[in-house]
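**Student:** Structure file data-v3.txt, compact mmCIF, C-alpha atoms, is pasted below:
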```txt
# COMPACT_ATOMS: atom_id res chain seq x y z
CA MET A 1 33.22 -102.10 -33.32
CA SER A 2 35.64 -99.21 -32.91
CA ASP A 3 35.94 -97.06 -29.83
CA ASP A 4 34.97 -93.88 -31.73
CA ALA A 5 32.31 -91.84 -29.99
CA ILE A 6 28.93 -92.11 -31.72
CA SER A 7 26.43 -89.24 -31.81
CA LEU A 8 23.05 -89.10 -33.53
CA TYR A 9 22.07 -85.51 -34.28
CA TYR A 10 18.41 -84.60 -34.63
CA ILE A 11 18.11 -81.28 -36.47
CA HIS A 12 14.63 -79.85 -36.04
CA ASP A 13 12.40 -76.86 -35.41
CA PRO A 14 9.58 -76.93 -32.83
CA MET A 15 7.23 -75.33 -35.39
CA CYS A 16 8.20 -77.62 -38.27
CA SER A 17 5.10 -79.58 -39.32
CA TRP A 18 7.13 -82.51 -40.66
CA CYS A 19 8.94 -82.70 -37.30
CA TRP A 20 5.51 -82.96 -35.67
CA ALA A 21 4.57 -85.79 -38.04
CA PHE A 22 7.88 -87.53 -37.31
CA ARG A 23 7.51 -87.34 -33.54
CA PRO A 24 5.91 -90.79 -32.89
CA VAL A 25 8.46 -92.71 -34.98
CA TRP A 26 11.35 -90.58 -33.69
CA THR A 27 10.32 -91.32 -30.10
CA ALA A 28 10.16 -95.04 -30.86
CA LEU A 29 13.53 -94.97 -32.64
CA GLN A 30 15.23 -93.36 -29.65
CA GLN A 31 13.95 -96.13 -27.41
CA GLN A 32 15.60 -98.72 -29.68
CA LEU A 33 19.02 -97.09 -29.91
CA PRO A 34 22.00 -98.64 -28.11
CA GLU A 35 22.94 -96.78 -24.93
CA SER A 36 26.31 -95.95 -26.47
CA VAL A 37 24.64 -93.70 -29.07
CA ASP A 38 24.50 -90.14 -27.75
CA VAL A 39 21.40 -88.36 -29.09
CA LYS A 40 21.90 -84.62 -29.56
CA TYR A 41 19.24 -82.10 -30.55
CA LEU A 42 20.09 -79.14 -32.77
CA LEU A 43 17.63 -76.33 -33.46
CA GLY A 44 17.32 -75.53 -37.14
CA GLY A 45 15.61 -72.15 -36.97
CA LEU A 46 13.11 -72.18 -39.83
CA ALA A 47 12.22 -68.49 -39.75
CA PRO A 48 13.78 -65.46 -37.98
CA ASP A 49 11.87 -63.10 -35.70
CA SER A 50 9.13 -61.17 -37.47
CA ASP A 51 6.10 -59.08 -36.53
CA VAL A 52 4.79 -59.14 -40.11
CA VAL A 53 1.49 -60.94 -40.63
CA MET A 54 1.96 -63.95 -42.88
CA PRO A 55 0.60 -63.31 -46.41
CA VAL A 56 -2.69 -65.06 -47.12
CA SER A 57 -1.10 -66.98 -49.99
CA LEU A 58 1.51 -68.44 -47.62
CA GLN A 59 -1.14 -69.26 -45.02
CA GLU A 60 -3.08 -71.18 -47.64
CA ASN A 61 0.06 -72.93 -48.83
CA ILE A 62 0.92 -74.13 -45.32
CA GLN A 63 -2.63 -75.39 -44.80
CA ARG A 64 -2.29 -77.45 -47.98
CA HIS A 65 1.05 -78.65 -46.65
CA TRP A 66 -0.67 -79.88 -43.48
CA GLN A 67 -3.23 -81.73 -45.56
CA THR A 68 -0.44 -83.40 -47.55
CA ILE A 69 1.23 -84.52 -44.33
CA GLN A 70 -2.02 -86.03 -43.07
CA LYS A 71 -2.22 -88.12 -46.24
CA ARG A 72 1.42 -89.22 -46.19
CA VAL A 73 1.70 -89.78 -42.44
CA PRO A 74 -1.64 -91.23 -41.31
CA GLY A 75 -2.64 -90.29 -37.79
CA THR A 76 -0.96 -86.87 -37.80
CA MET A 77 -3.39 -84.34 -36.33
CA PHE A 78 -3.69 -80.62 -37.04
CA ASP A 79 -6.19 -78.09 -35.71
CA PHE A 80 -6.94 -75.90 -38.71
CA ASP A 81 -8.75 -73.42 -36.43
CA PHE A 82 -5.28 -71.95 -35.88
CA TRP A 83 -5.62 -70.08 -39.17
CA HIS A 84 -8.83 -68.40 -38.06
CA GLN A 85 -8.13 -67.83 -34.36
CA CYS A 86 -4.52 -66.61 -34.52
CA THR A 87 -2.52 -64.01 -36.40
CA PRO A 88 0.10 -66.16 -38.14
CA ARG A 89 3.62 -64.84 -38.55
CA ARG A 90 6.51 -66.59 -40.22
CA SER A 91 8.61 -66.52 -37.07
CA THR A 92 9.93 -69.67 -35.40
CA TYR A 93 13.01 -68.27 -33.65
CA PRO A 94 10.99 -67.44 -30.48
CA ALA A 95 9.91 -71.08 -30.15
CA CYS A 96 13.50 -72.21 -30.74
CA ARG A 97 14.76 -69.85 -28.04
CA ALA A 98 12.08 -71.18 -25.69
CA VAL A 99 13.70 -74.60 -25.94
CA ILE A 100 17.09 -73.12 -25.06
CA ALA A 101 15.61 -71.08 -22.20
CA THR A 102 14.08 -74.28 -20.85
CA LYS A 103 17.44 -76.06 -21.00
CA PHE A 104 18.99 -73.27 -18.93
CA GLN A 105 16.69 -74.26 -16.06
CA ASP A 106 16.43 -78.01 -16.65
CA PRO A 107 18.12 -79.79 -19.59
CA ASN A 108 15.92 -82.81 -18.96
CA ARG A 109 12.83 -80.81 -19.97
CA GLU A 110 14.11 -79.95 -23.44
CA ASP A 111 11.84 -82.44 -25.20
CA ALA A 112 8.94 -81.60 -22.89
CA MET A 113 9.07 -78.00 -24.10
CA ILE A 114 9.36 -79.08 -27.74
CA HIS A 115 6.29 -81.27 -27.30
CA ALA A 116 4.40 -78.53 -25.47
CA ILE A 117 5.09 -76.10 -28.33
CA GLN A 118 3.99 -78.66 -30.90
CA LYS A 119 0.76 -79.44 -29.05
CA ALA A 120 -0.04 -75.75 -28.59
CA TYR A 121 0.50 -75.05 -32.28
CA TYR A 122 -0.91 -78.13 -33.95
CA LEU A 123 -3.60 -79.32 -31.52
CA GLU A 124 -4.70 -76.25 -29.55
CA ALA A 125 -4.66 -73.49 -32.21
CA ARG A 126 -2.24 -71.34 -30.18
CA ASN A 127 0.62 -69.34 -31.65
CA PRO A 128 4.12 -70.21 -30.35
CA SER A 129 5.48 -67.17 -32.17
CA ASP A 130 3.98 -65.16 -29.28
CA ASP A 131 5.98 -64.75 -26.08
CA GLY A 132 2.80 -64.96 -24.02
CA VAL A 133 2.03 -68.45 -25.28
CA LEU A 134 5.60 -69.58 -24.61
CA MET A 135 5.44 -68.20 -21.07
CA ASP A 136 2.21 -70.13 -20.49
CA LEU A 137 3.97 -73.29 -21.61
CA ALA A 138 6.87 -72.57 -19.27
CA GLN A 139 4.38 -72.29 -16.42
CA GLN A 140 2.82 -75.62 -17.42
CA LEU A 141 6.27 -77.19 -17.15
CA ALA A 142 6.75 -75.68 -13.69
CA LEU A 143 9.66 -73.51 -14.80
CA ASN A 144 10.56 -70.18 -13.21
CA VAL A 145 8.49 -68.03 -15.58
CA GLY A 146 10.21 -64.77 -14.69
CA GLN A 147 13.64 -66.21 -15.44
CA PHE A 148 12.29 -67.91 -18.54
CA HIS A 149 10.99 -64.60 -19.88
CA LEU A 150 14.36 -62.94 -19.29
CA ASP A 151 16.18 -65.78 -21.02
CA LEU A 152 13.72 -66.03 -23.91
CA ASN A 153 14.95 -62.90 -25.66
CA ALA A 154 18.42 -62.61 -24.15
CA GLY A 155 21.42 -62.11 -26.40
CA GLN A 156 23.06 -65.26 -25.05
CA THR A 157 20.00 -67.33 -25.99
CA GLN A 158 19.96 -65.95 -29.53
CA ALA A 159 23.70 -66.62 -29.85
CA LEU A 160 23.19 -70.25 -28.84
CA LEU A 161 20.38 -70.60 -31.37
CA LEU A 162 22.61 -69.29 -34.15
CA GLN A 163 25.32 -71.68 -32.97
CA ASP A 164 22.89 -74.60 -33.31
CA ILE A 165 21.88 -73.44 -36.79
CA ARG A 166 25.49 -73.26 -37.93
CA ALA A 167 26.24 -76.68 -36.43
CA GLY A 168 23.32 -78.22 -38.32
CA GLN A 169 24.49 -76.64 -41.56
CA ALA A 170 28.02 -77.91 -40.97
CA LEU A 171 26.62 -81.43 -40.62
CA GLY A 172 24.96 -81.08 -44.02
CA ALA A 173 21.36 -80.82 -42.83
CA CYS A 174 19.31 -79.31 -45.64
CA GLY A 175 15.80 -79.70 -44.24
CA PHE A 176 13.87 -80.52 -41.10
CA PRO A 177 13.80 -82.99 -39.59
CA SER A 178 17.25 -84.36 -40.39
CA LEU A 179 19.17 -87.20 -38.78
CA VAL A 180 22.96 -87.28 -38.95
CA LEU A 181 25.13 -89.97 -37.38
CA GLN A 182 28.66 -88.98 -36.44
CA LYS A 183 31.21 -91.66 -35.62
CA GLY A 184 34.61 -90.23 -34.85
CA ASP A 185 35.28 -87.72 -37.60
CA ARG A 186 32.93 -89.39 -40.08
CA VAL A 187 29.44 -88.03 -40.72
CA HIS A 188 26.56 -89.98 -42.28
CA SER A 189 23.08 -88.73 -43.17
CA ILE A 190 20.24 -91.07 -42.14
CA ALA A 191 17.18 -90.99 -44.41
CA VAL A 192 14.11 -90.05 -42.36
CA ASP A 193 11.14 -92.42 -42.57
CA TYR A 194 7.95 -90.90 -41.16
CA ASN A 195 6.03 -94.16 -40.89
CA ARG A 196 8.55 -96.85 -39.96
CA LEU A 197 11.52 -96.88 -37.63
CA GLU A 198 13.05 -100.09 -39.02
CA PRO A 199 14.80 -98.56 -42.08
CA MET A 200 16.46 -95.91 -39.91
CA GLN A 201 17.34 -98.45 -37.24
CA ALA A 202 18.96 -100.69 -39.86
CA ALA A 203 20.90 -97.79 -41.39
CA ILE A 204 22.24 -96.80 -37.98
CA GLU A 205 23.18 -100.39 -37.13
CA ASP A 206 25.02 -100.75 -40.45
CA LEU A 207 27.13 -97.70 -39.65
CA TYR A 208 27.51 -98.63 -36.00
```
What would you get if you wrote out this structure as structure tokens?
**Tutor:**
Amino acid sequence: MSDDAISLYYIHDPMCSWCWAFRPVWTALQQQLPESVDVKYLLGGLAPDSDVVMPVSLQENIQRHWQTIQKRVPGTMFDFDFWHQCTPRRSTYPACRAVIATKFQDPNREDAMIHAIQKAYYLEARNPSDDGVLMDLAQQLALNVGQFHLDLNAGQTQALLLQDIRAGQALGACGFPSLVLQKGDRVHSIAVDYNRLEPMQAAIEDLY
């Protein structure tokens, strides 16, 4: 084995339904990785800020998408009441910035915020495109809510989000979730398997 630094990049969006489906296997995969592999999260930013109500046709398309995921990744849960109880907007940047705002206060709670956003959206029929929902989640995580609110829409936070997006693109990520292993100056895409960790583990070990 060479002494090149090894990083595994996880390119994702907190409101990406496939990322939600991948969560159990991704969590298990991380637990099996050698300690020398540095896992790094990059926010993909599915959809910029928008106050426009999502067209009904798109709402229906996403609901069908959820149903497809449930068939392909057994055990994935969605609360379809979201589409009746909330006003959907195609806007995931706020949720992405919430992850960054959380890291400002406690980097160790990054994944806790991602999971909180996912649960709110997919299991509790709450809209993480809304600042109020994100502030509630910050309170649940015992963050300083006032500081979180200031950071949520700050220029610095948006700049860091755009930096993440560009970094993911530079690594060749073309969808979410994506896994990219970097060893020294070499970059390798790892095919995502939503139901089994073994193929990804083997691919990483082969490159390692």
**Student:** Skip stretch 181-197 of chain A itself and residues of its chain fewer than 3 positions away, then list as an MDAnalysis selection string all residues within 6 Å of it, counting all atoms listed in the file.
**Tutor:** chainID A and resid 4:8 22 25 29 200
**Student:** Do a neighbour search on A:Ile11 at 9 Å with only C-alpha atoms, toss out local chain neighbours closer than 4 positions, and write the hits as a ChimeraX atom specification.
**Tutor:** /A:40-44,164-165,168,173,175-180
**Student:** Can you tell me how far atom CA of A:Ala125 sits from atom CA of A:Asp81, in Å to one decimal?
**Tutor:**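 It comes out at 5.9 Å.
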**Student:** Rank nothing, just name the residue among A:Gln105, A:Gln140, A:Gln32, A:Asn61 nearest to A:Ala202, using all atoms listed in the file.
**Tutor:**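 That would be A:Gln32, the residue with the smallest distance to A:Ala202.
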**Student:** List as a ChimeraX atom specification the protein and nucleic acid residues near A:His84, meaning an atom at most 12 Å away when only C-alpha atoms are counted, but skip any in the same chain fewer than 6 places from it.
**Tutor:** /A:56,59-60,63,125-127
**Student:** Using C-alpha atoms, can you write the selected residues to a file as a PDB file, in the frame of the given file?
**Tutor:**
```pdb
ATOM      1  CA  VAL A  56      -2.690 -65.060 -47.120  1.00  0.00           C
ATOM      2  CA  GLN A  59      -1.140 -69.260 -45.020  1.00  0.00           C
ATOM      3  CA  GLU A  60      -3.080 -71.180 -47.640  1.00  0.00           C
ATOM      4  CA  GLN A  63      -2.630 -75.390 -44.800  1.00  0.00           C
ATOM      5  CA  ALA A 125      -4.660 -73.490 -32.210  1.00  0.00           C
ATOM      6  CA  ARG A 126      -2.240 -71.340 -30.180  1.00  0.00           C
ATOM      7  CA  ASN A 127       0.620 -69.340 -31.650  1.00  0.00           C
TER       8      ASN A 127
END
```
**Student:** Leaving out A:Phe104 and any residue of its chain fewer than 2 positions from it, which residues lie within 12 Å of it when counting all atoms listed in the file, given as a count of residues only?
**Tutor:** 23
**Student:** Tell me which of A:Ala28, A:Ile204, A:Met15, A:Ala116 sits closest to A:Asp136, counting only C-alpha atoms.
**Tutor:**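 Among the listed residues, the smallest separation from A:Asp136 belongs to A:Ala116.
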**Student:** Measuring between only C-alpha atoms, which one of A:Ser50, A:Tyr9, A:Val145, A:Met77 shows the shortest distance to A:Gly172?
**Tutor:**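 Smallest separation from A:Gly172 among the options: A:Tyr9.
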**Student:** Near A:Leu46, within 9 Å and counting only C-alpha atoms, which residues show up once chain neighbours fewer than 6 positions away are dropped, as a PDB file with C-alpha atoms, in the frame of the given file?
**Tutor:**
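So the final result, stored in around_39.pdb, reads:
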```
ATOM      1  CA  HIS A  12      14.630 -79.850 -36.040  1.00  0.00           C
ATOM      2  CA  ASP A  13      12.400 -76.860 -35.410  1.00  0.00           C
ATOM      3  CA  MET A  15       7.230 -75.330 -35.390  1.00  0.00           C
ATOM      4  CA  CYS A  16       8.200 -77.620 -38.270  1.00  0.00           C
ATOM      5  CA  ARG A  90       6.510 -66.590 -40.220  1.00  0.00           C
ATOM      6  CA  SER A  91       8.610 -66.520 -37.070  1.00  0.00           C
ATOM      7  CA  THR A  92       9.930 -69.670 -35.400  1.00  0.00           C
ATOM      8  CA  TYR A  93      13.010 -68.270 -33.650  1.00  0.00           C
ATOM      9  CA  PHE A 176      13.870 -80.520 -41.100  1.00  0.00           C
TER      10      PHE A 176
END
```
**Student:** Would you work out the distance separating atom CA of A:Ile114 from atom CA of A:Val39, expressed in Å to one decimal?
**Tutor:** 15.3 Å
**Student:** Under the rule that only C-alpha atoms are counted, which of A:Phe80, A:Trp20, A:Trp26, A:Tyr10 is the nearest residue to A:Arg64?
**Tutor:**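 Checking each of A:Phe80, A:Trp20, A:Trp26, A:Tyr10 against A:Arg64, counting only C-alpha atoms, the winner is A:Phe80.
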**Student:** Would you work out the distance separating atom CA of A:Gln139 from atom CA of A:Met113, expressed in Å to one decimal?
**Tutor:** 10.7 Å
**Student:** Which is closer to A:Ala47 than all the others in A:Ala138, A:Arg89, A:Glu124, A:Glu35, using all atoms listed in the file?
**Tutor:**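 Counting all atoms listed in the file, the residue closest to A:Ala47 is A:Arg89.
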**Student:** Which one of A:Ala112, A:Ser36, A:Gly45, A:Ala159 sits closest to A:Cys174 if you count all atoms listed in the file?
**Tutor:** A:Gly45
**Student:** Pop stretch 18-92 of chain A out of the structure in the block and write C-alpha atoms as a PDB file, in the first residue's frame.
**Tutor:**
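Printed below is result_3.pdb as written:
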```pdb
ATOM      1  CA  TRP A  18     -32.218   8.366  -3.236  1.00  0.00           C
ATOM      2  CA  CYS A  19     -29.820   9.625  -0.549  1.00  0.00           C
ATOM      3  CA  TRP A  20     -32.521   8.825   2.004  1.00  0.00           C
ATOM      4  CA  ALA A  21     -32.879   5.317   0.563  1.00  0.00           C
ATOM      5  CA  PHE A  22     -29.093   4.880   0.649  1.00  0.00           C
ATOM      6  CA  ARG A  23     -28.728   5.966   4.262  1.00  0.00           C
ATOM      7  CA  PRO A  24     -28.840   2.512   5.974  1.00  0.00           C
ATOM      8  CA  VAL A  25     -26.267   0.934   3.645  1.00  0.00           C
ATOM      9  CA  TRP A  26     -24.111   4.073   3.653  1.00  0.00           C
ATOM     10  CA  THR A  27     -24.058   4.064   7.452  1.00  0.00           C
ATOM     11  CA  ALA A  28     -23.060   0.397   7.479  1.00  0.00           C
ATOM     12  CA  LEU A  29     -20.365   0.974   4.848  1.00  0.00           C
ATOM     13  CA  GLN A  30     -18.764   3.757   6.875  1.00  0.00           C
ATOM     14  CA  GLN A  31     -18.510   1.436   9.864  1.00  0.00           C
ATOM     15  CA  GLN A  32     -16.555  -1.069   7.754  1.00  0.00           C
ATOM     16  CA  LEU A  33     -14.048   1.370   6.269  1.00  0.00           C
ATOM     17  CA  PRO A  34     -10.412   1.308   7.412  1.00  0.00           C
ATOM     18  CA  GLU A  35      -9.560   4.139   9.789  1.00  0.00           C
ATOM     19  CA  SER A  36      -7.086   5.469   7.239  1.00  0.00           C
ATOM     20  CA  VAL A  37      -9.924   6.348   4.842  1.00  0.00           C
ATOM     21  CA  ASP A  38     -11.040   9.923   5.453  1.00  0.00           C
ATOM     22  CA  VAL A  39     -14.770  10.294   4.732  1.00  0.00           C
ATOM     23  CA  LYS A  40     -15.719  13.746   3.452  1.00  0.00           C
ATOM     24  CA  TYR A  41     -19.239  15.008   2.792  1.00  0.00           C
ATOM     25  CA  LEU A  42     -19.951  17.380  -0.089  1.00  0.00           C
ATOM     26  CA  LEU A  43     -23.328  19.046  -0.574  1.00  0.00           C
ATOM     27  CA  GLY A  44     -24.637  18.695  -4.100  1.00  0.00           C
ATOM     28  CA  GLY A  45     -27.355  21.347  -4.089  1.00  0.00           C
ATOM     29  CA  LEU A  46     -30.211  19.818  -6.068  1.00  0.00           C
ATOM     30  CA  ALA A  47     -32.299  22.963  -6.433  1.00  0.00           C
ATOM     31  CA  PRO A  48     -31.580  26.676  -5.775  1.00  0.00           C
ATOM     32  CA  ASP A  49     -33.693  28.901  -3.532  1.00  0.00           C
ATOM     33  CA  SER A  50     -37.234  29.394  -4.796  1.00  0.00           C
ATOM     34  CA  ASP A  51     -40.548  30.672  -3.447  1.00  0.00           C
ATOM     35  CA  VAL A  52     -42.449  29.273  -6.430  1.00  0.00           C
ATOM     36  CA  VAL A  53     -44.938  26.512  -5.652  1.00  0.00           C
ATOM     37  CA  MET A  54     -43.917  23.281  -7.345  1.00  0.00           C
ATOM     38  CA  PRO A  55     -46.099  22.523 -10.400  1.00  0.00           C
ATOM     39  CA  VAL A  56     -48.637  19.756  -9.813  1.00  0.00           C
ATOM     40  CA  SER A  57     -47.091  17.692 -12.605  1.00  0.00           C
ATOM     41  CA  LEU A  58     -43.716  17.754 -10.836  1.00  0.00           C
ATOM     42  CA  GLN A  59     -45.318  16.925  -7.489  1.00  0.00           C
ATOM     43  CA  GLU A  60     -46.953  13.888  -9.054  1.00  0.00           C
ATOM     44  CA  ASN A  61     -43.706  12.878 -10.730  1.00  0.00           C
ATOM     45  CA  ILE A  62     -41.786  12.983  -7.437  1.00  0.00           C
ATOM     46  CA  GLN A  63     -44.480  10.924  -5.720  1.00  0.00           C
ATOM     47  CA  ARG A  64     -44.099   8.274  -8.423  1.00  0.00           C
ATOM     48  CA  HIS A  65     -40.354   8.513  -7.880  1.00  0.00           C
ATOM     49  CA  TRP A  66     -40.843   7.744  -4.185  1.00  0.00           C
ATOM     50  CA  GLN A  67     -42.962   4.726  -5.079  1.00  0.00           C
ATOM     51  CA  THR A  68     -40.229   3.476  -7.422  1.00  0.00           C
ATOM     52  CA  ILE A  69     -37.656   3.808  -4.655  1.00  0.00           C
ATOM     53  CA  GLN A  70     -39.831   1.812  -2.268  1.00  0.00           C
ATOM     54  CA  LYS A  71     -39.928  -1.019  -4.806  1.00  0.00           C
ATOM     55  CA  ARG A  72     -36.205  -0.950  -5.577  1.00  0.00           C
ATOM     56  CA  VAL A  73     -34.989  -0.368  -2.025  1.00  0.00           C
ATOM     57  CA  PRO A  74     -37.306  -2.376   0.256  1.00  0.00           C
ATOM     58  CA  GLY A  75     -37.837  -0.850   3.672  1.00  0.00           C
ATOM     59  CA  THR A  76     -37.496   2.773   2.547  1.00  0.00           C
ATOM     60  CA  MET A  77     -40.308   4.781   4.146  1.00  0.00           C
ATOM     61  CA  PHE A  78     -42.036   7.914   2.859  1.00  0.00           C
ATOM     62  CA  ASP A  79     -44.934   9.868   4.348  1.00  0.00           C
ATOM     63  CA  PHE A  80     -47.004  10.841   1.323  1.00  0.00           C
ATOM     64  CA  ASP A  81     -49.063  13.204   3.515  1.00  0.00           C
ATOM     65  CA  PHE A  82     -46.300  15.718   2.778  1.00  0.00           C
ATOM     66  CA  TRP A  83     -47.931  16.449  -0.569  1.00  0.00           C
ATOM     67  CA  HIS A  84     -51.234  17.349   1.068  1.00  0.00           C
ATOM     68  CA  GLN A  85     -50.041  19.068   4.238  1.00  0.00           C
ATOM     69  CA  CYS A  86     -47.197  21.203   2.851  1.00  0.00           C
ATOM     70  CA  THR A  87     -46.663  23.668   0.030  1.00  0.00           C
ATOM     71  CA  PRO A  88     -43.874  21.987  -1.943  1.00  0.00           C
ATOM     72  CA  ARG A  89     -41.199  24.126  -3.568  1.00  0.00           C
ATOM     73  CA  ARG A  90     -38.284  22.909  -5.627  1.00  0.00           C
ATOM     74  CA  SER A  91     -35.749  24.434  -3.265  1.00  0.00           C
ATOM     75  CA  THR A  92     -33.098  22.387  -1.473  1.00  0.00           C
TER      76      THR A  92
END
```
